[in-house]
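Colleague: Quick one, upload.cif (mmCIF, N, CA and C atoms):
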```
data_input
#
loop_
_atom_site.label_atom_id
_atom_site.label_comp_id
_atom_site.auth_asym_id
_atom_site.auth_seq_id
_atom_site.Cartn_x
_atom_site.Cartn_y
_atom_site.Cartn_z
N MET A 1 0.84 -1.17 0.00
CA MET A 1 0.00 0.00 0.00
C MET A 1 0.89 1.24 0.00
N GLU A 2 0.57 2.17 -0.88
CA GLU A 2 1.32 3.42 -0.93
C GLU A 2 0.70 4.44 0.01
N LEU A 3 1.54 5.03 0.84
CA LEU A 3 1.11 6.09 1.76
C LEU A 3 2.09 7.24 1.67
N THR A 4 1.58 8.46 1.76
CA THR A 4 2.48 9.60 1.84
C THR A 4 2.95 9.74 3.28
N ASN A 5 4.05 10.43 3.47
CA ASN A 5 4.53 10.70 4.82
C ASN A 5 3.48 11.48 5.62
N MET A 6 2.72 12.34 4.95
CA MET A 6 1.66 13.09 5.61
C MET A 6 0.58 12.15 6.11
N GLU A 7 0.19 11.17 5.29
CA GLU A 7 -0.82 10.20 5.73
C GLU A 7 -0.31 9.41 6.94
N ILE A 8 0.95 9.02 6.89
CA ILE A 8 1.53 8.26 8.02
C ILE A 8 1.51 9.12 9.28
N ALA A 9 1.90 10.38 9.17
CA ALA A 9 1.90 11.28 10.33
C ALA A 9 0.49 11.47 10.89
N ASN A 10 -0.50 11.53 10.00
CA ASN A 10 -1.88 11.73 10.43
C ASN A 10 -2.51 10.48 11.04
N LEU A 11 -1.85 9.34 10.91
CA LEU A 11 -2.38 8.09 11.47
C LEU A 11 -2.04 7.92 12.95
N LYS A 12 -1.07 8.65 13.43
CA LYS A 12 -0.57 8.43 14.79
C LYS A 12 -1.68 8.54 15.84
N GLU A 13 -2.34 9.66 15.92
CA GLU A 13 -3.34 9.87 16.96
C GLU A 13 -4.53 8.91 16.85
N PRO A 14 -5.10 8.72 15.64
CA PRO A 14 -6.22 7.77 15.56
C PRO A 14 -5.82 6.34 15.92
N LEU A 15 -4.61 5.93 15.58
CA LEU A 15 -4.17 4.58 15.94
C LEU A 15 -3.95 4.45 17.44
N ILE A 16 -3.40 5.48 18.07
CA ILE A 16 -3.23 5.45 19.53
C ILE A 16 -4.60 5.38 20.19
N ALA A 17 -5.57 6.17 19.70
CA ALA A 17 -6.92 6.13 20.26
C ALA A 17 -7.53 4.74 20.07
N LEU A 18 -7.35 4.15 18.89
CA LEU A 18 -7.88 2.82 18.62
C LEU A 18 -7.24 1.78 19.54
N SER A 19 -5.96 1.96 19.82
CA SER A 19 -5.26 1.00 20.68
C SER A 19 -5.79 1.02 22.12
N LYS A 20 -6.49 2.07 22.49
CA LYS A 20 -7.04 2.18 23.84
C LYS A 20 -8.46 1.61 23.95
N GLU A 21 -9.04 1.24 22.80
CA GLU A 21 -10.37 0.64 22.80
C GLU A 21 -10.29 -0.82 23.22
N LYS A 22 -11.36 -1.32 23.81
CA LYS A 22 -11.42 -2.74 24.17
C LYS A 22 -11.79 -3.52 22.92
N LEU A 23 -10.85 -4.32 22.45
CA LEU A 23 -11.03 -5.13 21.25
C LEU A 23 -10.74 -6.58 21.60
N PRO A 24 -11.23 -7.50 20.78
CA PRO A 24 -10.80 -8.89 20.98
C PRO A 24 -9.27 -8.95 20.92
N VAL A 25 -8.70 -9.90 21.63
CA VAL A 25 -7.24 -9.99 21.77
C VAL A 25 -6.55 -9.99 20.40
N GLN A 26 -7.04 -10.77 19.45
CA GLN A 26 -6.40 -10.85 18.13
C GLN A 26 -6.42 -9.50 17.43
N LYS A 27 -7.54 -8.78 17.53
CA LYS A 27 -7.64 -7.45 16.90
C LYS A 27 -6.70 -6.46 17.59
N SER A 28 -6.62 -6.54 18.91
CA SER A 28 -5.68 -5.67 19.64
C SER A 28 -4.25 -5.92 19.19
N LEU A 29 -3.92 -7.17 18.99
CA LEU A 29 -2.58 -7.53 18.52
C LEU A 29 -2.33 -7.00 17.11
N GLU A 30 -3.33 -7.08 16.25
CA GLU A 30 -3.19 -6.56 14.89
C GLU A 30 -2.99 -5.04 14.89
N VAL A 31 -3.71 -4.34 15.76
CA VAL A 31 -3.55 -2.88 15.87
C VAL A 31 -2.15 -2.56 16.39
N LEU A 32 -1.69 -3.28 17.39
CA LEU A 32 -0.35 -3.06 17.93
C LEU A 32 0.71 -3.29 16.85
N ARG A 33 0.58 -4.35 16.08
CA ARG A 33 1.53 -4.62 15.00
C ARG A 33 1.52 -3.52 13.95
N LEU A 34 0.34 -3.00 13.66
CA LEU A 34 0.23 -1.91 12.69
C LEU A 34 0.93 -0.66 13.21
N ILE A 35 0.73 -0.34 14.48
CA ILE A 35 1.40 0.82 15.07
C ILE A 35 2.92 0.66 14.99
N ARG A 36 3.41 -0.51 15.37
CA ARG A 36 4.85 -0.75 15.33
C ARG A 36 5.39 -0.68 13.90
N GLN A 37 4.63 -1.20 12.96
CA GLN A 37 5.06 -1.17 11.56
C GLN A 37 5.15 0.27 11.06
N LEU A 38 4.16 1.09 11.38
CA LEU A 38 4.16 2.47 10.92
C LEU A 38 5.19 3.32 11.66
N ASP A 39 5.51 2.96 12.92
CA ASP A 39 6.54 3.68 13.67
C ASP A 39 7.88 3.65 12.96
N GLU A 40 8.14 2.59 12.22
CA GLU A 40 9.39 2.48 11.46
C GLU A 40 9.54 3.65 10.49
N TYR A 41 8.43 4.18 10.02
CA TYR A 41 8.43 5.31 9.09
C TYR A 41 8.15 6.62 9.83
N LEU A 42 7.27 6.57 10.82
CA LEU A 42 6.85 7.78 11.52
C LEU A 42 7.99 8.42 12.32
N ILE A 43 8.76 7.61 13.02
CA ILE A 43 9.82 8.16 13.86
C ILE A 43 10.82 8.98 13.04
N PRO A 44 11.34 8.46 11.91
CA PRO A 44 12.24 9.30 11.10
C PRO A 44 11.56 10.55 10.53
N ILE A 45 10.27 10.45 10.17
CA ILE A 45 9.54 11.61 9.66
C ILE A 45 9.50 12.69 10.73
N GLU A 46 9.16 12.29 11.97
CA GLU A 46 9.10 13.26 13.07
C GLU A 46 10.47 13.85 13.37
N GLN A 47 11.52 13.03 13.30
CA GLN A 47 12.87 13.54 13.56
C GLN A 47 13.28 14.55 12.50
N LEU A 48 13.00 14.26 11.24
CA LEU A 48 13.34 15.20 10.16
C LEU A 48 12.54 16.49 10.30
N ARG A 49 11.25 16.39 10.63
CA ARG A 49 10.43 17.58 10.83
C ARG A 49 10.97 18.42 11.98
N ASP A 50 11.33 17.76 13.09
CA ASP A 50 11.88 18.48 14.24
C ASP A 50 13.20 19.16 13.89
N ASN A 51 14.02 18.50 13.08
CA ASN A 51 15.28 19.11 12.64
C ASN A 51 15.03 20.35 11.79
N LEU A 52 14.02 20.29 10.93
CA LEU A 52 13.67 21.46 10.11
C LEU A 52 13.20 22.61 11.00
N VAL A 53 12.38 22.31 11.98
CA VAL A 53 11.91 23.35 12.90
C VAL A 53 13.08 23.95 13.66
N ALA A 54 13.99 23.11 14.12
CA ALA A 54 15.17 23.61 14.86
C ALA A 54 16.05 24.47 13.97
N THR A 55 16.16 24.10 12.69
CA THR A 55 17.02 24.84 11.76
C THR A 55 16.42 26.18 11.39
N TYR A 56 15.12 26.22 11.13
CA TYR A 56 14.49 27.44 10.59
C TYR A 56 13.68 28.22 11.63
N GLY A 57 13.50 27.66 12.81
CA GLY A 57 12.65 28.30 13.80
C GLY A 57 13.38 29.19 14.76
N HIS A 58 12.63 29.70 15.69
CA HIS A 58 13.17 30.53 16.76
C HIS A 58 12.58 30.04 18.08
N THR A 59 13.30 30.30 19.15
CA THR A 59 12.85 29.85 20.47
C THR A 59 11.97 30.90 21.11
N MET A 60 10.81 30.46 21.54
CA MET A 60 9.86 31.34 22.21
C MET A 60 10.31 31.51 23.67
N PRO A 61 9.78 32.53 24.36
CA PRO A 61 10.14 32.72 25.77
C PRO A 61 9.87 31.49 26.65
N ASN A 62 8.90 30.67 26.28
CA ASN A 62 8.58 29.47 27.07
C ASN A 62 9.46 28.28 26.69
N GLY A 63 10.43 28.49 25.79
CA GLY A 63 11.36 27.44 25.41
C GLY A 63 10.95 26.61 24.20
N VAL A 64 9.75 26.82 23.71
CA VAL A 64 9.27 26.09 22.54
C VAL A 64 9.88 26.68 21.28
N VAL A 65 10.35 25.81 20.40
CA VAL A 65 10.90 26.27 19.12
C VAL A 65 9.80 26.15 18.07
N ARG A 66 9.59 27.22 17.31
CA ARG A 66 8.58 27.19 16.26
C ARG A 66 9.02 28.04 15.09
N VAL A 67 8.35 27.83 13.97
CA VAL A 67 8.63 28.59 12.76
C VAL A 67 7.39 29.40 12.42
N ASP A 68 7.57 30.70 12.27
CA ASP A 68 6.46 31.59 11.92
C ASP A 68 6.68 32.14 10.52
N GLN A 69 5.60 32.59 9.89
CA GLN A 69 5.69 33.14 8.54
C GLN A 69 6.63 34.33 8.47
N GLU A 70 6.79 35.03 9.57
CA GLU A 70 7.67 36.20 9.59
C GLU A 70 9.14 35.82 9.68
N ASP A 71 9.45 34.57 10.00
CA ASP A 71 10.84 34.14 10.12
C ASP A 71 11.52 34.16 8.76
N GLU A 72 12.79 34.49 8.79
CA GLU A 72 13.58 34.64 7.57
C GLU A 72 13.56 33.40 6.68
N GLY A 73 13.60 32.21 7.27
CA GLY A 73 13.68 30.99 6.48
C GLY A 73 12.34 30.32 6.24
N TRP A 74 11.23 31.07 6.44
CA TRP A 74 9.90 30.47 6.32
C TRP A 74 9.69 29.78 4.97
N ALA A 75 9.99 30.45 3.89
CA ALA A 75 9.73 29.88 2.55
C ALA A 75 10.52 28.59 2.35
N GLU A 76 11.79 28.61 2.72
CA GLU A 76 12.63 27.42 2.55
C GLU A 76 12.15 26.30 3.48
N PHE A 77 11.78 26.63 4.71
CA PHE A 77 11.23 25.65 5.65
C PHE A 77 9.97 25.01 5.07
N ASN A 78 9.08 25.83 4.59
CA ASN A 78 7.81 25.36 4.04
C ASN A 78 8.05 24.44 2.84
N GLU A 79 8.99 24.82 2.00
CA GLU A 79 9.32 24.01 0.82
C GLU A 79 9.87 22.64 1.24
N LYS A 80 10.81 22.65 2.18
CA LYS A 80 11.43 21.40 2.62
C LYS A 80 10.45 20.51 3.39
N LEU A 81 9.61 21.13 4.22
CA LEU A 81 8.61 20.36 4.95
C LEU A 81 7.60 19.74 3.98
N GLY A 82 7.18 20.50 2.99
CA GLY A 82 6.26 19.98 1.98
C GLY A 82 6.87 18.82 1.22
N GLU A 83 8.14 18.95 0.87
CA GLU A 83 8.84 17.87 0.18
C GLU A 83 8.88 16.61 1.04
N LEU A 84 9.17 16.78 2.33
CA LEU A 84 9.20 15.65 3.26
C LEU A 84 7.83 14.98 3.33
N MET A 85 6.79 15.77 3.52
CA MET A 85 5.46 15.21 3.75
C MET A 85 4.83 14.64 2.48
N ARG A 86 5.28 15.08 1.32
CA ARG A 86 4.77 14.51 0.06
C ARG A 86 5.45 13.21 -0.32
N GLY A 87 6.52 12.85 0.37
CA GLY A 87 7.23 11.61 0.09
C GLY A 87 6.28 10.42 0.18
N VAL A 88 6.48 9.45 -0.69
CA VAL A 88 5.61 8.28 -0.75
C VAL A 88 6.42 7.03 -0.42
N VAL A 89 5.83 6.17 0.40
CA VAL A 89 6.45 4.89 0.71
C VAL A 89 5.45 3.78 0.41
N ASP A 90 5.97 2.64 0.03
CA ASP A 90 5.14 1.47 -0.24
C ASP A 90 5.33 0.51 0.92
N ILE A 91 4.27 0.29 1.69
CA ILE A 91 4.33 -0.53 2.90
C ILE A 91 3.40 -1.72 2.73
N ASP A 92 3.89 -2.89 3.08
CA ASP A 92 3.06 -4.09 3.05
C ASP A 92 2.27 -4.14 4.35
N ILE A 93 1.03 -3.64 4.30
CA ILE A 93 0.20 -3.51 5.50
C ILE A 93 -0.95 -4.51 5.44
N LYS A 94 -1.17 -5.18 6.56
CA LYS A 94 -2.33 -6.06 6.70
C LYS A 94 -3.47 -5.20 7.24
N VAL A 95 -4.54 -5.08 6.45
CA VAL A 95 -5.70 -4.31 6.87
C VAL A 95 -6.35 -4.99 8.07
N VAL A 96 -6.76 -4.18 9.05
CA VAL A 96 -7.38 -4.70 10.27
C VAL A 96 -8.90 -4.63 10.12
N ASP A 97 -9.55 -5.76 10.32
CA ASP A 97 -11.01 -5.82 10.27
C ASP A 97 -11.54 -5.59 11.68
N LEU A 98 -12.33 -4.54 11.86
CA LEU A 98 -12.84 -4.17 13.18
C LEU A 98 -14.35 -4.45 13.27
N PRO A 99 -14.82 -4.75 14.47
CA PRO A 99 -16.26 -4.89 14.65
C PRO A 99 -16.93 -3.52 14.59
N ASP A 100 -18.18 -3.47 14.15
CA ASP A 100 -18.85 -2.17 14.04
C ASP A 100 -19.33 -1.64 15.38
N SER A 101 -19.06 -2.36 16.46
CA SER A 101 -19.46 -1.90 17.79
C SER A 101 -18.50 -0.86 18.36
N ILE A 102 -17.36 -0.66 17.72
CA ILE A 102 -16.39 0.33 18.21
C ILE A 102 -16.88 1.73 17.86
N LEU A 103 -16.79 2.62 18.83
CA LEU A 103 -17.18 4.00 18.61
C LEU A 103 -15.95 4.80 18.22
N MET A 104 -16.01 5.44 17.06
CA MET A 104 -14.90 6.27 16.57
C MET A 104 -15.48 7.53 15.95
N THR A 105 -14.70 8.59 16.02
CA THR A 105 -15.12 9.82 15.36
C THR A 105 -14.98 9.67 13.85
N ALA A 106 -15.71 10.48 13.12
CA ALA A 106 -15.60 10.45 11.66
C ALA A 106 -14.18 10.82 11.22
N ALA A 107 -13.54 11.73 11.96
CA ALA A 107 -12.17 12.12 11.62
C ALA A 107 -11.22 10.94 11.77
N ALA A 108 -11.40 10.14 12.82
CA ALA A 108 -10.54 8.97 13.02
C ALA A 108 -10.78 7.94 11.93
N VAL A 109 -12.04 7.71 11.59
CA VAL A 109 -12.36 6.75 10.53
C VAL A 109 -11.75 7.22 9.21
N MET A 110 -11.84 8.51 8.93
CA MET A 110 -11.28 9.05 7.69
C MET A 110 -9.77 8.82 7.65
N ALA A 111 -9.08 9.06 8.75
CA ALA A 111 -7.63 8.88 8.79
C ALA A 111 -7.25 7.41 8.62
N LEU A 112 -8.07 6.51 9.19
CA LEU A 112 -7.75 5.08 9.18
C LEU A 112 -8.38 4.32 8.01
N GLU A 113 -9.08 5.02 7.16
CA GLU A 113 -9.86 4.39 6.09
C GLU A 113 -9.08 3.37 5.26
N LYS A 114 -7.84 3.65 4.95
CA LYS A 114 -7.03 2.74 4.15
C LYS A 114 -6.59 1.49 4.93
N LEU A 115 -6.65 1.58 6.26
CA LEU A 115 -6.07 0.52 7.10
C LEU A 115 -7.09 -0.38 7.77
N ILE A 116 -8.38 -0.04 7.67
CA ILE A 116 -9.39 -0.82 8.37
C ILE A 116 -10.54 -1.22 7.45
N THR A 117 -11.19 -2.30 7.83
CA THR A 117 -12.50 -2.65 7.28
C THR A 117 -13.41 -2.86 8.49
N ILE A 118 -14.70 -2.85 8.26
CA ILE A 118 -15.66 -3.05 9.33
C ILE A 118 -16.45 -4.32 9.05
N ASN A 119 -16.37 -5.25 9.98
CA ASN A 119 -17.07 -6.54 9.86
C ASN A 119 -16.82 -7.22 8.52
N GLY A 120 -15.61 -7.12 8.02
CA GLY A 120 -15.24 -7.80 6.78
C GLY A 120 -15.80 -7.21 5.52
N ALA A 121 -16.46 -6.04 5.64
CA ALA A 121 -17.07 -5.41 4.46
C ALA A 121 -15.98 -4.97 3.49
N PRO A 122 -16.17 -5.23 2.20
CA PRO A 122 -15.18 -4.77 1.23
C PRO A 122 -15.13 -3.26 1.20
N LYS A 123 -13.95 -2.75 0.88
CA LYS A 123 -13.78 -1.29 0.76
C LYS A 123 -14.51 -0.82 -0.49
N SER A 124 -15.15 0.34 -0.36
CA SER A 124 -15.88 0.87 -1.52
C SER A 124 -15.00 1.74 -2.36
#
```
Take the structure in the file and give it back as C-alpha cells.

Modeller:
Amino acid sequence: MELTNMEIANLKEPLIALSKEKLPVQKSLEVLRLIRQLDEYLIPIEQLRDNLVATYGHTMPNGVVRVDQEDEGWAEFNEKLGELMRGVVDIDIKVVDLPDSILMTAAAVMALEKLITINGAPKS
C-alpha cells in the first residue's frame, strides 16, 4: 500500500486512540503490530520535521521552538517540509477488520480508512 509521509503522520493519533479501545485480543494484537510497523516510518519523519523546525525556527520565551511566517527561512522551511510530507512509501500492510461496535469519530475513521474494514465489508 502506498502512503504519503503526511498520511503516516496523520495516522498516529487515531491509531493510539484505537489501541485504547477494548477489542478482541487478536484485533488488539493486529492494531499493535500496525502501530509498530508504521513507527518504522513515523519516527524518522518526526525527527526530520523536528530538525527542520530547529534549523528554521526561533525559540519562544517558554522554550518552545517554532517557525512563523515572519521568520527569515519560512519559505525554505515550508518548501522542505512539503517535500518531506509529500514523500511516498510502499508498505506491506495487513488491513485490520474491526467490529462495528467500536465508537470512533468520523475524523478517526477518515484517517484510518485505508487501514481498516468493518465486519469484513469490502472497501468501496

Colleague: Report as a count of residues only all protein, DNA and RNA residues lying within 10 Å of Pro14 of chain A, evaluated on only C-alpha atoms, omitting residues in the same chain fewer than 2 positions from it.

Modeller: 15

Colleague: Smallest atom-to-atom distance to Lys94 of chain A: which of A:Met1, A:Val25, A:Glu79, A:Glu40, using all atoms listed in the file?

Modeller: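 Ranking A:Met1, A:Val25, A:Glu79, A:Glu40 by distance to Lys94 of chain A, first place goes to A:Met1.
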
Colleague: As JSON, numbers by chain, please: all residues of chain A that backbone DSSP puts in strand (DSSP E or B).

Modeller: {"A": [2, 3, 4, 58, 59, 65, 66, 88, 89, 90, 96, 97, 98, 116, 117, 118]}

Colleague: Kindly give the distance, in Å, that separates atom CA of Ala54 of chain A and atom CA of Asp90 of chain A, rounded to a single decimal.

Modeller: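 Distance reported for this atom pair: 28.6 Å.
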
Colleague: Calculate how many Å separate atom CA of Leu3 of chain A from atom CA of Gly87 of chain A, rounding to one decimal.

Modeller: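 So the two atoms, atom CA of Leu3 of chain A and atom CA of Gly87 of chain A, lie 8.4 Å apart.
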
Colleague: Residues of segment 57-99 of chain A in helix (DSSP H, G or I) according to DSSP, as an MDAnalysis selection string?

Modeller: chainID A and resid 74:86

Colleague: Could you write out the selected residues, including N, CA and C atoms, as a short mmCIF file (atom, residue, chain, number, x, y, z; two decimals), in the coordinates of the input?

Modeller:
```
data_model
loop_
_atom_site.label_atom_id
_atom_site.label_comp_id
_atom_site.auth_asym_id
_atom_site.auth_seq_id
_atom_site.Cartn_x
_atom_site.Cartn_y
_atom_site.Cartn_z
N TRP A 74 11.23 31.07 6.44
CA TRP A 74 9.90 30.47 6.32
C TRP A 74 9.69 29.78 4.97
N ALA A 75 9.99 30.45 3.89
CA ALA A 75 9.73 29.88 2.55
C ALA A 75 10.52 28.59 2.35
N GLU A 76 11.79 28.61 2.72
CA GLU A 76 12.63 27.42 2.55
C GLU A 76 12.15 26.30 3.48
N PHE A 77 11.78 26.63 4.71
CA PHE A 77 11.23 25.65 5.65
C PHE A 77 9.97 25.01 5.07
N ASN A 78 9.08 25.83 4.59
CA ASN A 78 7.81 25.36 4.04
C ASN A 78 8.05 24.44 2.84
N GLU A 79 8.99 24.82 2.00
CA GLU A 79 9.32 24.01 0.82
C GLU A 79 9.87 22.64 1.24
N LYS A 80 10.81 22.65 2.18
CA LYS A 80 11.43 21.40 2.62
C LYS A 80 10.45 20.51 3.39
N LEU A 81 9.61 21.13 4.22
CA LEU A 81 8.61 20.36 4.95
C LEU A 81 7.60 19.74 3.98
N GLY A 82 7.18 20.50 2.99
CA GLY A 82 6.26 19.98 1.98
C GLY A 82 6.87 18.82 1.22
N GLU A 83 8.14 18.95 0.87
CA GLU A 83 8.84 17.87 0.18
C GLU A 83 8.88 16.61 1.04
N LEU A 84 9.17 16.78 2.33
CA LEU A 84 9.20 15.65 3.26
C LEU A 84 7.83 14.98 3.33
N MET A 85 6.79 15.77 3.52
CA MET A 85 5.46 15.21 3.75
C MET A 85 4.83 14.64 2.48
N ARG A 86 5.28 15.08 1.32
CA ARG A 86 4.77 14.51 0.06
C ARG A 86 5.45 13.21 -0.32
#
```

Colleague: Would you please work out which residue, of A:Arg66, A:Lys114, A:Lys20, A:Lys27, is nearest to Leu98 of chain A when using only N, CA and C atoms?

Modeller: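 Of A:Arg66, A:Lys114, A:Lys20, A:Lys27, the one nearest Leu98 of chain A, counting only N, CA and C atoms, is A:Lys27.
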
Colleague: Between atom CA of Leu32 of chain A and atom CA of Ile118 of chain A, what is the distance in Å, rounded to a tenth?

Modeller: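 The value is 17.6 Å.
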